[in-house]
Amino acid sequence: METETLKPGYVRDNRVYDVNKDKSVKEWIIATEVSPTRVKLQHVLQGVTLKGEHMPGGIIRHTGEDWAFNASSRFEYQGPNAKGEDTWKTIQLEPNQWLRRVTSLDDGLRYECSAAWTTDTEYASWKCDDMAPIPGREYRDMKRKDYQDLERSSKLVVYDTNWLEREANTKIVDADGVKTPLVKELGKTWYVRLPDAECKDAQEFASPRRVAFWDITREAWDEELAGVNAWSDAKAAKGKDSRYGRIADMEETWIRKDLSQPAVRAEARDAVKKVIEETQAGK
């Protein structure tokens with residue numbers, strides 16, 4: 001929710017973004033890779049009505065997190081270019097930090113931030129500041145078009161069986177090369193561990209897709225972004241013509257094939273990469 005106006009004349013938006021306002025949403029989060037230097041998490045949303053009834057399209061693959069220790073560089077969001085395309089550039093990182101990459105629904109680049117974990121306190125924590133595009137909850141769900149960038153300050157605190165993410169952000173108007181602070185906002189997401197059976201439907205949805213196809217999309221993105229010093233992302237296409245829509249349609253086709261075969265897997269990865277390249281800015 002917005003808390004403090006920064007630009008003269010702006011009227012604070014009093015709406016509170018709450019996904020559980022008219023439904024009940026749980027999130028199944030699975031660790032798809034765990035090692036001393038890499039942790040990959042996949043979020044899957046499962047929504048039902050307030051009466052407990054299944055919602056059409058109520059289960060979706062949500063955001064992903066890719067944590068890497070001692071990464072040499074990260075992508076830093078620069079804002080939209082003259083065409084309104086999101087742009088990033090790489091910056092070098094200090095050693096002994098954990099890089100957190102948060103991805104969009106199609107595994108595309110959302111934002112990255114790098115910091116060291118604090119472990120000498122009662123509860124381990126990680127705090128990082130970065131820039132990011134306007135969140136989907138704002139332009140998609142709340143129909144916001146009056147700002148372009150989000151200056152994010154995120155803090156994670158890990159407890160015994162749950163963790164808390166606090167956000168203290170600033171919405172930025174980015175126009176004609178000038179960045180103007182618009183308003184401050186505060187956010188909180190508290191993840192509380194539930195019995196696995198609570199997300200049974202999400203698990204059944206993810207089971208035939210995760211190894212069969214979702215890992216392939218991540219591999220395709222890793223190959224596209226490896227060694228790249230800058231990245232630009234187009235926003236023009238909507239719905240089924242968007243990158244997310246096209247990859248989602250492909251998913252339903254490819255999960256019916258034997259993706260354990262190296263040749264078939266490579267073909268699927270090349271198909272995903274083609275969509276990524278065709279929807280990249282300037283393509």
# chains A, B, ... in the order shown; residues from 1 in each chain; ligands from 1

$ closest_atom_pairs --of "range 100-187 of chain A" --to "range 61-81 of chain A" --cutoff "7 Å" --atoms "only C-alpha atoms" --output "Markdown table"
| residue | atom | partner | partner_atom | distance |
| --- | --- | --- | --- | --- |
| A:Arg100 | CA | A:Trp67 | CA | 4.6 |
| A:Arg101 | CA | A:Asp66 | CA | 5.0 |
| A:Val102 | CA | A:Glu65 | CA | 4.7 |
| A:Thr103 | CA | A:Gly64 | CA | 5.1 |
| A:Ser104 | CA | A:Thr63 | CA | 5.3 |
| A:Leu105 | CA | A:His62 | CA | 5.4 |
| A:Asp107 | CA | A:Gly64 | CA | 6.8 |
| A:Tyr111 | CA | A:Tyr77 | CA | 6.9 |
| A:Glu112 | CA | A:Phe75 | CA | 6.1 |
| A:Met131 | CA | A:Tyr77 | CA | 5.5 |
| A:Ala132 | CA | A:Tyr77 | CA | 5.6 |
| A:Pro133 | CA | A:Gly79 | CA | 6.8 |
| A:Asp149 | CA | A:Gly79 | CA | 6.2 |
| A:Asp174 | CA | A:Gly79 | CA | 7.0 |

$ closest_atom_pairs --of "range 154-237 of chain A" --to "range 249-257 of chain A" --cutoff "10 Å" --atoms "only C-alpha atoms" --output "CSV"
residue,atom,partner,partner_atom,distance
A:Pro208,CA,A:Ile255,CA,6.9
A:Arg209,CA,A:Ile255,CA,6.4
A:Arg210,CA,A:Ile255,CA,9.5
A:Val211,CA,A:Ile255,CA,9.5
A:Ala212,CA,A:Ile255,CA,6.0
A:Phe213,CA,A:Ile255,CA,6.4
A:Trp214,CA,A:Glu251,CA,8.3
A:Thr217,CA,A:Glu251,CA,9.5

$ closest_residue --among "A:Tyr10, A:Tyr191, A:Tyr147, A:Tyr159" --to "Lys171 in chain A" --atoms "only C-alpha atoms"
A:Tyr147

$ residues_around --residues "Thr118 in chain A" --least-positions-apart "4" --cutoff "12 Å" --atoms "only C-alpha atoms" --output "NGL selection string"
:A and (96-98 or 122-128 or 155-158)

$ atom_distance --atom1 "CA of Met1 in chain A" --atom2 "CA of Leu164 in chain A"
16.9 Å

$ closest_residue --among "A:Ala220, A:Ala115, A:Leu41, A:Ile172" --to "Leu93 in chain A" --atoms "only C-alpha atoms"
A:Ala115

$ residues_around --residues "range 226-236 of chain A" --least-positions-apart "3" --cutoff "8 Å" --atoms "only C-alpha atoms" --output "list in words"
Phe75, Gly84, Glu85, Asp86, Thr87, Trp88, Lys89, Thr90, Asp222, Glu223, Ser242, Thr279, Gln280, Ala281 and Gly282 of chain A

$ closest_residue --among "A:Ile29, A:Lys145, A:Ser153, A:Glu277" --to "Glu224 in chain A" --atoms "only C-alpha atoms"
A:Glu277

$ select_by_dssp --residues "range 86-273 of chain A" --states "alpha helix (DSSP H)" --output "PyMOL selection string"
chain A and resi 136+200-209+215-225+243-254+262-273

$ closest_residue --among "A:Trp28, A:Trp221, A:Phe205, A:Trp163" --to "Val192 in chain A" --atoms "only C-alpha atoms"
A:Trp163

$ select_by_dssp --residues "range 170-275 of chain A" --states "strand (DSSP E)" --output "PyMOL selection string"
chain A and resi 170-175+178-192+230-233

$ closest_residue --among "A:Gly52, A:Arg15, A:Gly187, A:Ser24" --to "Lys143 in chain A" --atoms "only C-alpha atoms"
A:Arg15

$ closest_residue --among "A:Val39, A:Asn162, A:Asp146, A:Glu2" --to "Trp190 in chain A" --atoms "only C-alpha atoms"
A:Asn162

$ atom_distance --atom1 "CA of Ile60 in chain A" --atom2 "CA of Val44 in chain A"
5.9 Å

$ atom_distance --atom1 "CA of Ala206 in chain A" --atom2 "CA of Ser114 in chain A"
28.9 Å

$ residues_around --residues "Tyr244 in chain A" --least-positions-apart "3" --cutoff "7 Å" --atoms "only C-alpha atoms" --output "short mmCIF file (atom, residue, chain, number, x, y, z; two decimals) with C-alpha atoms, in the first residue's frame"
data_model
loop_
_atom_site.label_atom_id
_atom_site.label_comp_id
_atom_site.auth_asym_id
_atom_site.auth_seq_id
_atom_site.Cartn_x
_atom_site.Cartn_y
_atom_site.Cartn_z
CA LEU A 105 5.80 -16.09 -15.32
CA ASP A 106 7.70 -17.25 -18.41
CA ILE A 247 5.34 -20.36 -24.23
CA ALA A 248 2.28 -21.48 -22.25
#

$ decode --residues "range 100-140 of chain A" --atoms "N, CA and C atoms" --output "short mmCIF file (atom, residue, chain, number, x, y, z; two decimals), in the first residue's frame"
data_model
loop_
_atom_site.label_atom_id
_atom_site.label_comp_id
_atom_site.auth_asym_id
_atom_site.auth_seq_id
_atom_site.Cartn_x
_atom_site.Cartn_y
_atom_site.Cartn_z
N ARG A 100 20.20 -12.86 -6.03
CA ARG A 100 18.83 -13.35 -6.15
C ARG A 100 18.24 -12.83 -7.46
N ARG A 101 17.92 -13.74 -8.36
CA ARG A 101 17.22 -13.37 -9.59
C ARG A 101 15.76 -13.79 -9.44
N VAL A 102 14.86 -12.84 -9.59
CA VAL A 102 13.43 -13.12 -9.59
C VAL A 102 12.94 -13.07 -11.02
N THR A 103 12.23 -14.12 -11.45
CA THR A 103 11.82 -14.22 -12.84
C THR A 103 10.31 -14.04 -12.98
N SER A 104 9.90 -13.73 -14.19
CA SER A 104 8.48 -13.53 -14.49
C SER A 104 7.82 -14.88 -14.75
N LEU A 105 6.55 -14.86 -15.16
CA LEU A 105 5.80 -16.09 -15.32
C LEU A 105 6.35 -16.99 -16.41
N ASP A 106 7.11 -16.43 -17.35
CA ASP A 106 7.70 -17.25 -18.41
C ASP A 106 9.21 -17.41 -18.21
N ASP A 107 9.67 -17.18 -16.98
CA ASP A 107 11.09 -17.28 -16.60
C ASP A 107 11.93 -16.13 -17.13
N GLY A 108 11.29 -15.12 -17.71
CA GLY A 108 12.05 -13.96 -18.18
C GLY A 108 12.61 -13.14 -17.04
N LEU A 109 13.58 -12.32 -17.37
CA LEU A 109 14.27 -11.50 -16.37
C LEU A 109 13.30 -10.49 -15.76
N ARG A 110 13.20 -10.49 -14.44
CA ARG A 110 12.36 -9.53 -13.72
C ARG A 110 13.24 -8.51 -12.99
N TYR A 111 14.02 -9.00 -12.03
CA TYR A 111 15.02 -8.13 -11.39
C TYR A 111 16.03 -9.00 -10.67
N GLU A 112 17.18 -8.42 -10.40
CA GLU A 112 18.25 -9.11 -9.68
C GLU A 112 18.81 -8.19 -8.60
N CYS A 113 19.24 -8.79 -7.50
CA CYS A 113 19.84 -8.02 -6.43
C CYS A 113 20.84 -8.92 -5.70
N SER A 114 21.93 -8.33 -5.21
CA SER A 114 22.98 -9.13 -4.59
C SER A 114 23.40 -8.52 -3.26
N ALA A 115 23.50 -9.38 -2.24
CA ALA A 115 23.92 -8.94 -0.90
C ALA A 115 24.37 -10.16 -0.11
N ALA A 116 25.05 -9.92 0.99
CA ALA A 116 25.47 -11.01 1.87
C ALA A 116 24.36 -11.30 2.88
N TRP A 117 24.22 -12.55 3.26
CA TRP A 117 23.29 -12.90 4.32
C TRP A 117 23.91 -12.56 5.68
N THR A 118 23.08 -12.09 6.59
CA THR A 118 23.49 -11.83 7.96
C THR A 118 23.09 -13.03 8.81
N THR A 119 24.08 -13.70 9.40
CA THR A 119 23.79 -14.93 10.14
C THR A 119 24.24 -14.86 11.60
N ASP A 120 24.73 -13.69 12.05
CA ASP A 120 25.20 -13.58 13.43
C ASP A 120 24.13 -13.02 14.36
N THR A 121 22.87 -13.03 13.90
CA THR A 121 21.76 -12.60 14.73
C THR A 121 20.86 -13.80 15.01
N GLU A 122 19.80 -13.59 15.80
CA GLU A 122 18.94 -14.72 16.16
C GLU A 122 18.30 -15.37 14.95
N TYR A 123 17.91 -14.52 13.96
CA TYR A 123 17.31 -15.05 12.73
C TYR A 123 18.09 -14.52 11.53
N ALA A 124 18.43 -15.41 10.62
CA ALA A 124 19.19 -15.01 9.44
C ALA A 124 18.37 -14.06 8.59
N SER A 125 19.05 -13.07 7.99
CA SER A 125 18.34 -12.10 7.16
C SER A 125 19.20 -11.69 5.97
N TRP A 126 18.53 -11.15 4.98
CA TRP A 126 19.17 -10.70 3.73
C TRP A 126 18.45 -9.44 3.28
N LYS A 127 19.17 -8.35 3.06
CA LYS A 127 18.54 -7.08 2.67
C LYS A 127 19.25 -6.54 1.44
N CYS A 128 18.46 -6.09 0.46
CA CYS A 128 19.06 -5.64 -0.79
C CYS A 128 18.18 -4.57 -1.44
N ASP A 129 18.83 -3.60 -2.09
CA ASP A 129 18.14 -2.53 -2.80
C ASP A 129 18.43 -2.63 -4.29
N ASP A 130 17.40 -2.45 -5.12
CA ASP A 130 17.61 -2.54 -6.55
C ASP A 130 16.49 -1.80 -7.28
N MET A 131 16.61 -1.74 -8.60
CA MET A 131 15.57 -1.16 -9.46
C MET A 131 14.88 -2.28 -10.23
N ALA A 132 13.60 -2.08 -10.52
CA ALA A 132 12.83 -3.10 -11.25
C ALA A 132 11.75 -2.41 -12.08
N PRO A 133 11.23 -3.11 -13.10
CA PRO A 133 10.10 -2.56 -13.85
C PRO A 133 8.86 -2.48 -12.96
N ILE A 134 7.84 -1.77 -13.40
CA ILE A 134 6.57 -1.71 -12.71
C ILE A 134 6.04 -3.14 -12.56
N PRO A 135 5.62 -3.53 -11.36
CA PRO A 135 5.17 -4.91 -11.15
C PRO A 135 3.89 -5.23 -11.91
N GLY A 136 3.71 -6.52 -12.22
CA GLY A 136 2.51 -6.95 -12.90
C GLY A 136 1.26 -6.67 -12.10
N ARG A 137 1.35 -6.76 -10.78
CA ARG A 137 0.17 -6.49 -9.94
C ARG A 137 -0.33 -5.07 -10.15
N GLU A 138 0.57 -4.16 -10.56
CA GLU A 138 0.20 -2.76 -10.73
C GLU A 138 -0.37 -2.49 -12.12
N TYR A 139 0.39 -2.86 -13.18
CA TYR A 139 -0.08 -2.52 -14.53
C TYR A 139 -1.15 -3.49 -15.01
N ARG A 140 -1.11 -4.75 -14.53
CA ARG A 140 -2.07 -5.74 -14.99
C ARG A 140 -3.34 -5.73 -14.15
#
